[in-house]
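Below: the structure, in structure tokens.
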Amino acid sequence: MNWERIFVLLRKELKQALREPRMRVMLVMPPLLQLIIFGFAVNLDVDHASIAWMDQDRSPQSRELLAAFTGSGRFEVVRTPASEREASLVLDRGEAQAVVRVLPGFGRDLLRARPTEVQVLVDGTNSNTAQLIGSQTRAIVQRYASGVLADWQRQKLVGATADGPVRLAVPRLASEPRVWFNPELRSRNYFVPGVLVNIIALITIMLTSMAIVREKEIGTMEQLMVSPVRPLELVLGKTLPFALVGIFDLFLVTAAALIIFKVPFRGSAAFLLASACLFILSTLGFGLFISTVSRTQQQAMMSTFFFFQPAFMLSGFAFPIRNMPEAVQWLTLINPNRYFLEIVRGVFLKGSGFDVHWPQFATLAVFGVVILTLSAARFRKRLD
């Protein structure tokens, strides 16, 4: 193996990639677009929700509950329907995300310590938003009910007989959840590290496949085949430049995540870099394979997206793998994106390293070596 020839091919690929306008766009635009979309536009947080308030009791207690909702800073009352039909129309037209209905006798039952309820009708078109709004409204109602119970206990104690205070044996059970790793529950902290995986996969696969197919289109592949360059040297010269591009995207997205989006980085940068190198072995192997089955750059691009979309959907980036059907969960085990995504989120948010993610690290190593070796062997056979 002649490393001087490999270096010449590497330098030639980098120059050609940076010189061609289409390649420059592919190097810059996909990372920027994904960062902008998933960093700013895609937001699953519900910090502000519009509700309709349907008060059928009109008591001081119902007005206090309304003040608890508006004072939380999370809810804005946009409509006050007077009937069930109006409440239904509010949800049908999308004018409010939920309808809070205070039933008749609400205040009377509270004063007499009787069980009472508040009905919350939530628009379930978006299941994630509906769950968040439901949990937030439930928390406000429970907090208000706890305050009413405490006031009722104090009144009973004040009105006790002269023989002494009356001890009210009212059972109470309280739970106080504490969120680790992402205490503010910001969806940006969840999505932005995942963008790193998608960008590296898309860029390295597409550029590797298109660079080799481009040689076929312009007729220079035959010249390389009759040159002193050996097949293995040609494979290294064609893949190493885009491995460097993948490493560059790793630093670019990580810097943007820390500086622009303020995503916490609690783990080891060296472990993240090592894991990225193993993951890039797999993506380069897929790019080589696509180059052997494609005759034009358009075919290579379509084949790349044909592979990338299923890998993206089954990686756990947007949809938890544990919620998928069992057969699909087994299918995700052969997806390298899944393992690298677990490492990236663990390094960013949890600060975990090799001691925790060694199974994913080892799996990436096996996938990288096997996929790249088989693809290189197939590519070399096509050259021969």
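Please note that chains go A, B, ... in the order of the structure tokens, that every chain numbers its residues from 1, and that ligands are numbered from 1 in the order shown.
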Residues of segment 220-323 of chain A within 6 Å of segment 364-379 of chain A: nearest atom pair and distance (Å, one decimal) for each, counting only C-alpha atoms, sorted by chain and number, as a tab-separated table?
residue	atom	partner	partner_atom	distance
A:Leu278	CA	A:Ala365	CA	5.5
A:Phe279	CA	A:Leu364	CA	6.0
A:Leu281	CA	A:Gly368	CA	4.6
A:Ser282	CA	A:Gly368	CA	4.2
A:Gly285	CA	A:Leu372	CA	4.0
A:Leu288	CA	A:Ser375	CA	5.8
A:Phe289	CA	A:Ser375	CA	5.1
Next, dump the selected residues to file, keeping only C-alpha atoms, as an mmCIF file, in the first residue's frame.
data_model
loop_
_atom_site.group_PDB
_atom_site.id
_atom_site.type_symbol
_atom_site.label_atom_id
_atom_site.label_comp_id
_atom_site.auth_asym_id
_atom_site.auth_seq_id
_atom_site.Cartn_x
_atom_site.Cartn_y
_atom_site.Cartn_z
ATOM 1 C CA LEU A 278 -16.821 3.800 14.695
ATOM 2 C CA PHE A 279 -20.203 4.994 13.485
ATOM 3 C CA LEU A 281 -17.102 3.259 9.487
ATOM 4 C CA SER A 282 -20.657 1.951 9.064
ATOM 5 C CA GLY A 285 -19.553 1.171 4.185
ATOM 6 C CA LEU A 288 -19.573 2.239 -0.804
ATOM 7 C CA PHE A 289 -22.336 -0.321 -1.211
#
Applying 12 Å and only C-alpha atoms, which residues near segment 270-277 of chain A remain after dropping the ones on its own chain fewer than 4 positions away? List them as a ChimeraX atom specification. /A:193,196-201,204,240,242-251,254,265-266,281-284,336-337,339-348,351-365,367-369
Requested write-out: C-alpha atoms of the selected residues, as a compact mmCIF listing (two decimals), in the first residue's frame:
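Contents of the output file result31.txt:
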# COMPACT_ATOMS: atom_id res chain seq x y z
CA PRO A 193 -28.03 15.76 20.08
CA LEU A 196 -25.75 15.07 15.22
CA VAL A 197 -26.38 11.41 14.37
CA ASN A 198 -28.61 12.19 11.40
CA ILE A 199 -26.23 14.75 9.91
CA ILE A 200 -23.19 12.48 10.10
CA ALA A 201 -25.14 9.57 8.61
CA THR A 204 -21.09 10.65 4.82
CA LEU A 240 -11.14 9.07 4.12
CA PHE A 242 -15.69 12.07 3.81
CA ALA A 243 -14.70 10.58 7.14
CA LEU A 244 -12.98 13.91 7.78
CA VAL A 245 -16.17 15.68 6.70
CA GLY A 246 -18.12 13.62 9.22
CA ILE A 247 -15.69 14.57 11.99
CA PHE A 248 -15.99 18.22 10.96
CA ASP A 249 -19.80 17.98 11.20
CA LEU A 250 -19.38 16.40 14.64
CA PHE A 251 -17.47 19.44 15.91
CA THR A 254 -21.54 20.03 18.99
CA PHE A 265 -22.61 18.51 27.68
CA ARG A 266 -21.79 16.39 30.74
CA LEU A 281 -17.10 3.26 9.49
CA SER A 282 -20.66 1.95 9.06
CA THR A 283 -21.89 4.96 7.09
CA LEU A 284 -18.88 4.86 4.78
CA PRO A 336 -26.22 1.44 13.75
CA ASN A 337 -28.00 4.78 14.16
CA TYR A 339 -26.58 2.65 19.12
CA PHE A 340 -24.80 5.89 18.26
CA LEU A 341 -27.90 7.88 19.21
CA GLU A 342 -27.97 6.24 22.64
CA ILE A 343 -24.31 7.13 23.14
CA VAL A 344 -24.74 10.74 22.00
CA ARG A 345 -27.70 11.44 24.27
CA GLY A 346 -25.99 9.68 27.16
CA VAL A 347 -22.83 11.74 26.74
CA PHE A 348 -24.68 15.05 26.35
CA GLY A 351 -22.57 12.34 31.39
CA SER A 352 -22.25 8.59 30.92
CA GLY A 353 -19.20 7.08 29.30
CA PHE A 354 -17.64 3.79 28.28
CA ASP A 355 -18.53 2.08 31.57
CA VAL A 356 -22.22 2.50 30.74
CA HIS A 357 -22.25 2.44 26.93
CA TRP A 358 -19.68 -0.24 26.25
CA PRO A 359 -22.35 -2.56 24.69
CA GLN A 360 -23.31 0.14 22.18
CA PHE A 361 -19.65 0.97 21.59
CA ALA A 362 -18.76 -2.67 20.93
CA THR A 363 -21.77 -3.11 18.64
CA LEU A 364 -20.75 -0.04 16.61
CA ALA A 365 -17.25 -1.48 16.28
CA PHE A 367 -21.03 -3.11 12.60
CA GLY A 368 -18.36 -0.71 11.32
CA VAL A 369 -15.74 -3.35 10.61
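Of the residues listed (A:Arg85, A:Arg338, A:Arg295, A:Arg112), A:Arg295 shows the shortest atom-to-atom separation from Ile218 of chain A; distances use only C-alpha atoms.
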I'd like the interatomic distance between atom CA of Gly194 of chain A and atom CA of Val293 of chain A, to a tenth of an Å. 29.1 Å
Residue with smallest distance to Glu184 of chain A - pool A:Pro241, A:Gly134, A:Pro115, A:Pro264, counting only C-alpha atoms: A:Pro264
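For the pair atom CA of Lys216 of chain A and atom CA of Thr296 of chain A, the interatomic distance is 7.8 Å.
For the pair atom CA of Thr239 of chain A and atom CA of Thr208 of chain A, the separation is 6.2 Å.
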Tell me, counting only C-alpha atoms, for each residue of segment 49-86 of chain A within 10 Å of segment 94-106 of chain A, which pair of atoms is nearest and how far apart they are in Å to one decimal, in rows ordered by chain and increasing number, as CSV.
residue,atom,partner,partner_atom,distance
A:Ala49,CA,A:Gln97,CA,6.7
A:Ser50,CA,A:Ala96,CA,5.0
A:Ile51,CA,A:Ala98,CA,4.8
A:Ala52,CA,A:Val99,CA,4.6
A:Trp53,CA,A:Val100,CA,5.2
A:Met54,CA,A:Arg101,CA,4.6
A:Asp55,CA,A:Val102,CA,5.0
A:Gln56,CA,A:Pro104,CA,5.2
A:Asp57,CA,A:Pro104,CA,4.4
A:Arg58,CA,A:Pro104,CA,8.2
A:Ser59,CA,A:Phe106,CA,7.9
A:Pro60,CA,A:Phe106,CA,9.9
A:Gln61,CA,A:Phe106,CA,7.5
A:Ser62,CA,A:Val102,CA,6.9
A:Arg63,CA,A:Val102,CA,9.9
A:Leu65,CA,A:Val102,CA,9.2
A:Leu66,CA,A:Val100,CA,9.4
A:Phe69,CA,A:Val100,CA,9.9
A:Phe75,CA,A:Ala98,CA,9.9
A:Glu76,CA,A:Ala96,CA,9.3
A:Val77,CA,A:Ala96,CA,8.4
A:Val78,CA,A:Ala96,CA,7.0
A:Arg79,CA,A:Ala96,CA,7.6
A:Thr80,CA,A:Val99,CA,9.0
A:Pro81,CA,A:Val99,CA,8.9
A:Glu84,CA,A:Arg101,CA,9.5
When DSSP works through the backbone of this structure, what residues of segment 169-364 of chain A end up as helix (DSSP H, G or I), shown as a VMD selection string? chain A and resid 187 to 218 221 to 226 231 to 259 269 to 293 297 to 313 321 to 323 326 to 334 336 to 350 354 to 364
Would you mind telling me which residue in A:Gly147, A:Ser83, A:Leu314, A:Lys12 lies nearest to Ala327 of chain A when using only C-alpha atoms? A:Leu314
